[in-house]
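**Q** I'm passing along start28.pdb; it holds PDB, C-alpha atoms and all ligand atoms.
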ATOM      1  CA  MET A   1     -21.700  -4.969  33.818
ATOM      2  CA  ARG A   2     -18.886  -4.939  36.385
ATOM      3  CA  CYS A   3     -19.129  -2.428  39.256
ATOM      4  CA  PRO A   4     -16.262   0.108  38.988
ATOM      5  CA  TYR A   5     -15.988   0.304  42.807
ATOM      6  CA  CYS A   6     -16.024  -3.303  43.966
ATOM      7  CA  GLN A   7     -15.824  -5.231  40.653
ATOM      8  CA  ALA A   8     -18.944  -7.228  41.475
ATOM      9  CA  LEU A   9     -20.976  -8.367  38.492
ATOM     10  CA  ASN A  10     -24.455  -7.953  39.918
ATOM     11  CA  SER A  11     -26.026  -4.572  39.428
ATOM     12  CA  ARG A  12     -29.561  -3.482  38.800
ATOM     13  CA  VAL A  13     -30.719  -0.831  36.369
ATOM     14  CA  VAL A  14     -32.396   2.064  38.169
ATOM     15  CA  ASP A  15     -32.909   4.327  35.191
ATOM     16  CA  THR A  16     -32.613   4.195  31.398
ATOM     17  CA  PHE A  17     -32.565   7.188  29.095
ATOM     18  CA  ARG A  18     -31.101   8.443  25.847
ATOM     19  CA  ASP A  19     -28.504  11.176  25.785
ATOM     20  CA  LYS A  20     -28.299  13.967  23.194
ATOM     21  CA  THR A  21     -26.438  11.798  20.687
ATOM     22  CA  GLY A  22     -29.058   9.042  20.888
ATOM     23  CA  ARG A  23     -26.941   6.603  22.884
ATOM     24  CA  VAL A  24     -28.686   4.614  25.577
ATOM     25  CA  ARG A  25     -27.457   5.462  29.058
ATOM     26  CA  ARG A  26     -28.297   3.391  32.091
ATOM     27  CA  ARG A  27     -28.005   4.317  35.714
ATOM     28  CA  ARG A  28     -27.091   1.220  37.690
ATOM     29  CA  GLU A  29     -26.826   0.348  41.329
ATOM     30  CA  CYS A  30     -24.392  -2.306  42.529
ATOM     31  CA  ARG A  31     -26.144  -4.976  44.580
ATOM     32  CA  THR A  32     -22.936  -5.719  46.453
ATOM     33  CA  CYS A  33     -21.646  -2.311  47.560
ATOM     34  CA  GLY A  34     -24.721  -0.193  46.838
ATOM     35  CA  LYS A  35     -22.843   2.440  44.851
ATOM     36  CA  ARG A  36     -24.300   3.851  41.641
ATOM     37  CA  PHE A  37     -22.641   4.205  38.257
ATOM     38  CA  SER A  38     -23.658   4.923  34.653
ATOM     39  CA  THR A  39     -23.144   2.893  31.506
ATOM     40  CA  ILE A  40     -23.516   3.775  27.868
ATOM     41  CA  GLU A  41     -24.643   1.388  25.184
ATOM     42  CA  GLN A  42     -22.912   1.956  21.921
ATOM     43  CA  TRP A  43     -23.296   0.600  18.477
ATOM     44  CA  ILE A  44     -20.460  -1.704  17.457
ATOM     45  CA  GLN A  45     -19.035  -1.416  14.029
ATOM     46  CA  GLN A  46     -19.226  -4.878  12.563
ATOM     47  CA  LEU A  47     -17.405  -4.530   9.313
ATOM     48  CA  PRO A  48     -13.767  -3.450   9.425
ATOM     49  CA  LEU A  49     -12.451  -0.234   7.932
ATOM     50  CA  VAL A  50     -10.812  -0.635   4.551
ATOM     51  CA  ILE A  51      -7.177   0.464   4.252
ATOM     52  CA  LYS A  52      -6.737   1.835   0.764
ATOM     53  CA  ALA A  53      -3.510   1.641  -1.255
ATOM     54  CA  ASP A  54      -2.628   5.237  -0.306
ATOM     55  CA  GLY A  55      -2.967   4.387   3.388
ATOM     56  CA  THR A  56      -6.257   6.194   4.002
ATOM     57  CA  ARG A  57      -9.207   4.374   5.572
ATOM     58  CA  GLU A  58     -12.807   4.222   4.504
ATOM     59  CA  PRO A  59     -15.828   2.209   5.628
ATOM     60  CA  PHE A  60     -16.487  -1.042   3.779
ATOM     61  CA  ASP A  61     -18.839  -0.110   0.954
ATOM     62  CA  ARG A  62     -20.877  -2.981  -0.369
ATOM     63  CA  ASP A  63     -22.596  -0.822  -2.992
ATOM     64  CA  LYS A  64     -19.291   0.360  -4.379
ATOM     65  CA  ILE A  65     -18.196  -3.254  -4.925
ATOM     66  CA  LEU A  66     -21.539  -4.076  -6.534
ATOM     67  CA  ARG A  67     -21.271  -1.091  -8.879
ATOM     68  CA  GLY A  68     -17.810  -2.238 -10.003
ATOM     69  CA  LEU A  69     -19.098  -5.761 -10.532
ATOM     70  CA  ARG A  70     -22.139  -4.605 -12.518
ATOM     71  CA  THR A  71     -19.910  -2.564 -14.790
ATOM     72  CA  ALA A  72     -17.634  -5.556 -15.348
ATOM     73  CA  CYS A  73     -20.638  -7.784 -16.059
ATOM     74  CA  TRP A  74     -22.308  -5.429 -18.522
ATOM     75  CA  LYS A  75     -23.982  -7.466 -21.280
ATOM     76  CA  ARG A  76     -22.712 -10.707 -19.761
ATOM     77  CA  ARG A  77     -24.840 -13.601 -18.576
ATOM     78  CA  VAL A  78     -24.388 -12.928 -14.902
ATOM     79  CA  SER A  79     -27.520 -12.357 -12.840
ATOM     80  CA  ALA A  80     -27.946  -9.634 -10.226
ATOM     81  CA  THR A  81     -28.531 -12.433  -7.707
ATOM     82  CA  ASP A  82     -25.161 -13.976  -8.513
ATOM     83  CA  LEU A  83     -23.456 -10.653  -7.878
ATOM     84  CA  GLU A  84     -25.353 -10.078  -4.625
ATOM     85  CA  ARG A  85     -24.357 -13.565  -3.530
ATOM     86  CA  LEU A  86     -20.729 -12.910  -4.387
ATOM     87  CA  VAL A  87     -20.701  -9.703  -2.321
ATOM     88  CA  ASP A  88     -22.443 -11.549   0.548
ATOM     89  CA  GLU A  89     -19.688 -14.134   0.408
ATOM     90  CA  VAL A  90     -16.984 -11.449   0.455
ATOM     91  CA  GLU A  91     -18.688  -9.715   3.394
ATOM     92  CA  GLU A  92     -18.912 -12.963   5.339
ATOM     93  CA  TYR A  93     -15.270 -13.682   4.674
ATOM     94  CA  ILE A  94     -14.229 -10.228   5.895
ATOM     95  CA  LEU A  95     -16.305 -10.612   9.069
ATOM     96  CA  SER A  96     -14.777 -14.040   9.689
ATOM     97  CA  LEU A  97     -11.304 -12.469   9.809
ATOM     98  CA  GLY A  98     -12.416 -10.543  12.907
ATOM     99  CA  ARG A  99     -10.165  -7.570  12.194
ATOM    100  CA  SER A 100     -10.926  -3.893  12.774
ATOM    101  CA  GLU A 101      -9.075  -2.865   9.626
ATOM    102  CA  ILE A 102      -8.379  -4.733   6.426
ATOM    103  CA  PRO A 103      -6.300  -3.853   3.341
ATOM    104  CA  SER A 104      -8.422  -3.211   0.248
ATOM    105  CA  ARG A 105      -6.231  -5.695  -1.618
ATOM    106  CA  ILE A 106      -7.592  -8.602   0.447
ATOM    107  CA  ILE A 107     -11.137  -7.590  -0.437
ATOM    108  CA  GLY A 108     -10.282  -7.036  -4.097
ATOM    109  CA  ASP A 109      -8.581 -10.432  -4.363
ATOM    110  CA  ARG A 110     -11.617 -12.127  -2.888
ATOM    111  CA  VAL A 111     -13.983 -10.333  -5.273
ATOM    112  CA  ILE A 112     -11.833 -11.139  -8.264
ATOM    113  CA  GLU A 113     -11.586 -14.806  -7.273
ATOM    114  CA  GLY A 114     -15.381 -15.069  -7.054
ATOM    115  CA  LEU A 115     -15.874 -13.287 -10.349
ATOM    116  CA  LYS A 116     -13.475 -15.678 -12.044
ATOM    117  CA  ARG A 117     -15.869 -18.506 -11.227
ATOM    118  CA  LEU A 118     -18.875 -16.559 -12.548
ATOM    119  CA  ASP A 119     -17.694 -15.209 -15.874
ATOM    120  CA  PRO A 120     -14.216 -15.115 -17.489
ATOM    121  CA  VAL A 121     -14.844 -11.979 -19.570
ATOM    122  CA  ALA A 122     -16.265 -10.004 -16.649
ATOM    123  CA  TYR A 123     -13.350 -11.240 -14.619
ATOM    124  CA  ILE A 124     -10.796  -9.888 -17.100
ATOM    125  CA  ARG A 125     -12.637  -6.549 -17.335
ATOM    126  CA  TYR A 126     -12.625  -6.260 -13.579
ATOM    127  CA  ALA A 127      -8.993  -7.328 -13.350
ATOM    128  CA  ILE A 128      -7.944  -4.612 -15.810
ATOM    129  CA  VAL A 129      -9.598  -1.914 -13.687
ATOM    130  CA  TYR A 130      -8.510  -3.451 -10.431
ATOM    131  CA  LEU A 131      -4.905  -4.229 -11.305
ATOM    132  CA  GLY A 132      -4.505  -1.036 -13.290
ATOM    133  CA  LEU A 133      -2.793  -0.430 -16.599
ATOM    134  CA  GLU A 134       0.676  -0.718 -15.069
ATOM    135  CA  ASP A 135      -0.097  -4.375 -14.578
ATOM    136  CA  LEU A 136      -1.150  -5.136 -18.143
ATOM    137  CA  SER A 137       1.392  -7.948 -18.336
ATOM    138  CA  GLU A 138      -0.264  -9.512 -15.315
ATOM    139  CA  VAL A 139      -3.653  -9.161 -17.019
ATOM    140  CA  ARG A 140      -2.190 -10.766 -20.115
ATOM    141  CA  ARG A 141      -0.848 -13.674 -18.104
ATOM    142  CA  GLU A 142      -4.331 -14.119 -16.634
ATOM    143  CA  ILE A 143      -5.928 -14.132 -20.086
ATOM    144  CA  ASP A 144      -3.362 -16.689 -21.288
ATOM    145  CA  ARG A 145      -4.055 -18.845 -18.281
ATOM    146  CA  LEU A 146      -7.804 -18.684 -18.916
ATOM    147  CA  LEU A 147      -7.378 -19.561 -22.599
ATOM    148  CA  GLU A 148      -5.196 -22.508 -21.676
ATOM    149  CA  THR A 149      -7.815 -23.778 -19.237
ATOM    150  CA  GLU A 150     -10.541 -23.380 -21.862
ATOM    151  CA  SER A 151      -8.634 -25.164 -24.629
ATOM    152  CA  GLY A 152      -7.700 -27.876 -22.178
ATOM    153  CA  GLN A 153     -11.353 -28.679 -21.512
TER     154      GLN A 153
HETATM  155 ZN    ZN A 201     -20.033  -2.491  43.840
END
What is this file in structure tokens?
**A**
Amino acid sequence: MRCPYCQALNSRVVDTFRDKTGRVRRRRECRTCGKRFSTIEQWIQQLPLVIKADGTREPFDRDKILRGLRTACWKRRVSATDLERLVDEVEEYILSLGRSEIPSRIIGDRVIEGLKRLDPVAYIRYAIVYLGLEDLSEVRREIDRLLETESGQ
């Protein structure tokens, strides 16, 4: 922790306590100039905020994604572990971008891509909800593409 008076980097902690909000405060003394200053330790938000289509922000919600996936995979042969793994993968990807905010579309695209590999029917169900009814032609194109791939195998 850099001293605010002389910029030196060597200080010693003389006291540690928690303030009313539960944050850890430390009283430090600079070893170079001898002046004292306080620091606060704060929790760092790891996952970025999600920018929704309407421009509002909300915290990344892993459970919400899982709920959507479970609905899409209802009565399909996709295990809970597969879905957990998919959400893990999405979370890792989001963290790797190192951004403080991320459009929901980027997350949705990643989820949908992973689901495509797991189960084509669940994928289409999810795509219908995710893309919305206005994009039915897009959903149809996706179904056509899937059928082509299947018949080509
Ligand atoms: Zn100093």
**Q** Applying the PyMOL selection byres (((chain A and resi 57-64) around 10) and not hetatm) to the file I just gave you, which residues come out? Please list them as a PyMOL selection string.
**A** chain A and resi 45-56+65-70+84+87-88+90-91+94+101-104+107
**Q** Using the chain letters and numbering of this document, enumerate as number ranges by chain the residues selected by the PyMOL selection byres (((not hetatm)) within 9 of (chain A and resi 201)).
**A** A: 2-11, 29-36
**Q** Take the PyMOL selection byres (((chain A and resi 114) around 9) and not hetatm), apply it to the structure above, and return the hits as a PDB file with C-alpha atoms, keeping the file's coordinate frame.
**A**
ATOM      1  CA  LEU A  86     -20.729 -12.910  -4.387  1.00  0.00           C
ATOM      2  CA  VAL A  87     -20.701  -9.703  -2.321  1.00  0.00           C
ATOM      3  CA  GLU A  89     -19.688 -14.134   0.408  1.00  0.00           C
ATOM      4  CA  VAL A  90     -16.984 -11.449   0.455  1.00  0.00           C
ATOM      5  CA  ASP A 109      -8.581 -10.432  -4.363  1.00  0.00           C
ATOM      6  CA  ARG A 110     -11.617 -12.127  -2.888  1.00  0.00           C
ATOM      7  CA  VAL A 111     -13.983 -10.333  -5.273  1.00  0.00           C
ATOM      8  CA  ILE A 112     -11.833 -11.139  -8.264  1.00  0.00           C
ATOM      9  CA  GLU A 113     -11.586 -14.806  -7.273  1.00  0.00           C
ATOM     10  CA  LEU A 115     -15.874 -13.287 -10.349  1.00  0.00           C
ATOM     11  CA  LYS A 116     -13.475 -15.678 -12.044  1.00  0.00           C
ATOM     12  CA  ARG A 117     -15.869 -18.506 -11.227  1.00  0.00           C
ATOM     13  CA  LEU A 118     -18.875 -16.559 -12.548  1.00  0.00           C
ATOM     14  CA  TYR A 123     -13.350 -11.240 -14.619  1.00  0.00           C
TER      15      TYR A 123
END
**Q** Point out the residue among A:Thr71, A:Thr81, A:Ser96, A:Thr39 with the least atom-to-atom distance to Ala127 in chain A, counting all atoms listed in the file.
**A** A:Thr71
**Q** Distance CA of Tyr93 in chain A-CA of Arg141 in chain A, one decimal place?
**A**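 Separation between CA of Tyr93 in chain A and CA of Arg141 in chain A: 27.0 Å.
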**Q** Quick one: distance from CA of Val139 in chain A to CA of Asp82 in chain A in Å, one decimal?
**A**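 According to the coordinates, CA of Val139 in chain A and CA of Asp82 in chain A are separated by 23.6 Å.
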**Q** Rounded to one decimal place, report the CA of Arg76 in chain A-CA of Glu92 in chain A distance in Å.
**A**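 Interatomic distance, CA of Arg76 in chain A to CA of Glu92 in chain A: 25.5 Å.
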**Q** I need the residue nearest Arg27 in chain A from this list: A:Arg140, A:Arg77, A:Arg12, A:Arg99. Use only C-alpha atoms for the distance.
**A**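 That would be A:Arg12, the residue with the smallest distance to Arg27 in chain A.
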**Q** Under the rule that all atoms listed in the file are counted, which of A:Arg28, A:Arg23, A:Arg18, A:Lys75 is the nearest residue to Asp119 in chain A?
**A**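 The shortest atom-to-atom distance to Asp119 in chain A comes from A:Lys75.
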**Q** Quick one: what's the axis-aligned box for range 2-6 of chain A, all listed atoms, 8 Å on every side, centre and edges in Å to one decimal, as lines of an AutoDock Vina configuration file?
**A**
center_x = -17.6
center_y = -2.3
center_z = 40.2
size_x = 19.1
size_y = 21.2
size_z = 23.6
**Q** When you count only C-alpha atoms, which of these residues is closest to Val129 in chain A: A:Ala72, A:Met1, A:Val24, A:Val13?
**A**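 Of A:Ala72, A:Met1, A:Val24, A:Val13, the one nearest Val129 in chain A is A:Ala72, counting only C-alpha atoms.
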**Q** Measuring between only C-alpha atoms, which one of A:Pro120, A:Trp74, A:Val14, A:Gly108 shows the shortest distance to Leu146 in chain A?
**A**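 Residue with the minimum atom-to-atom distance to Leu146 in chain A: A:Pro120.
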**Q** List as a list of chain:residue names the protein and nucleic acid residues near Arg25 in chain A, meaning an atom at most 12 Å away when all atoms listed in the file are counted, but skip any in the same chain fewer than 5 places from it.
**A**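 Counting all atoms listed in the file, the residues come to A:Val13, A:Val14, A:Asp15, A:Thr16, A:Phe17, A:Arg18, A:Asp19, A:Lys20, A:Phe37, A:Ser38, A:Thr39, A:Ile40, A:Glu41, A:Gln42.
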**Q** Save range 70-116 of chain A from what I just supplied, as an mmCIF file, in the first residue's frame, atoms limited to C-alpha atoms.
**A**
data_model
loop_
_atom_site.group_PDB
_atom_site.id
_atom_site.type_symbol
_atom_site.label_atom_id
_atom_site.label_comp_id
_atom_site.auth_asym_id
_atom_site.auth_seq_id
_atom_site.Cartn_x
_atom_site.Cartn_y
_atom_site.Cartn_z
ATOM 1 C CA ARG A 70 -33.395 -27.023 -17.375
ATOM 2 C CA THR A 71 -36.654 -25.888 -18.921
ATOM 3 C CA ALA A 72 -35.214 -26.302 -22.414
ATOM 4 C CA CYS A 73 -33.885 -29.756 -21.521
ATOM 5 C CA TRP A 74 -37.109 -31.041 -19.986
ATOM 6 C CA LYS A 75 -37.511 -34.745 -20.808
ATOM 7 C CA ARG A 76 -34.311 -34.715 -22.854
ATOM 8 C CA ARG A 77 -31.251 -36.854 -22.242
ATOM 9 C CA VAL A 78 -29.129 -34.088 -20.826
ATOM 10 C CA SER A 79 -27.735 -34.580 -17.333
ATOM 11 C CA ALA A 80 -27.702 -31.938 -14.604
ATOM 12 C CA THR A 81 -23.905 -32.275 -14.612
ATOM 13 C CA ASP A 82 -23.752 -31.400 -18.300
ATOM 14 C CA LEU A 83 -25.763 -28.252 -17.664
ATOM 15 C CA GLU A 84 -23.641 -27.269 -14.658
ATOM 16 C CA ARG A 85 -20.548 -27.785 -16.782
ATOM 17 C CA LEU A 86 -21.976 -25.651 -19.563
ATOM 18 C CA VAL A 87 -22.714 -22.793 -17.147
ATOM 19 C CA ASP A 88 -19.210 -23.172 -15.646
ATOM 20 C CA GLU A 89 -17.800 -22.831 -19.136
ATOM 21 C CA VAL A 90 -19.890 -19.719 -19.821
ATOM 22 C CA GLU A 91 -18.813 -18.203 -16.491
ATOM 23 C CA GLU A 92 -15.154 -18.875 -17.229
ATOM 24 C CA TYR A 93 -15.497 -17.324 -20.648
ATOM 25 C CA ILE A 94 -17.111 -14.189 -19.210
ATOM 26 C CA LEU A 95 -14.367 -13.855 -16.587
ATOM 27 C CA SER A 96 -11.706 -14.280 -19.273
ATOM 28 C CA LEU A 97 -13.052 -11.208 -21.089
ATOM 29 C CA GLY A 98 -12.053 -9.127 -18.054
ATOM 30 C CA ARG A 99 -14.841 -6.596 -18.537
ATOM 31 C CA SER A 100 -16.890 -4.861 -15.850
ATOM 32 C CA GLU A 101 -20.038 -4.992 -17.961
ATOM 33 C CA ILE A 102 -21.110 -7.367 -20.686
ATOM 34 C CA PRO A 103 -24.134 -7.394 -23.024
ATOM 35 C CA SER A 104 -26.581 -10.207 -22.262
ATOM 36 C CA ARG A 105 -26.421 -11.175 -25.934
ATOM 37 C CA ILE A 106 -22.798 -12.323 -25.578
ATOM 38 C CA ILE A 107 -23.777 -14.563 -22.681
ATOM 39 C CA GLY A 108 -26.866 -15.866 -24.468
ATOM 40 C CA ASP A 109 -24.880 -16.680 -27.612
ATOM 41 C CA ARG A 110 -22.351 -18.611 -25.579
ATOM 42 C CA VAL A 111 -25.063 -20.578 -23.767
ATOM 43 C CA ILE A 112 -26.862 -21.368 -26.985
ATOM 44 C CA GLU A 113 -23.644 -22.510 -28.667
ATOM 45 C CA GLY A 114 -22.928 -24.919 -25.804
ATOM 46 C CA LEU A 115 -26.469 -26.236 -25.786
ATOM 47 C CA LYS A 116 -26.271 -26.924 -29.505
#
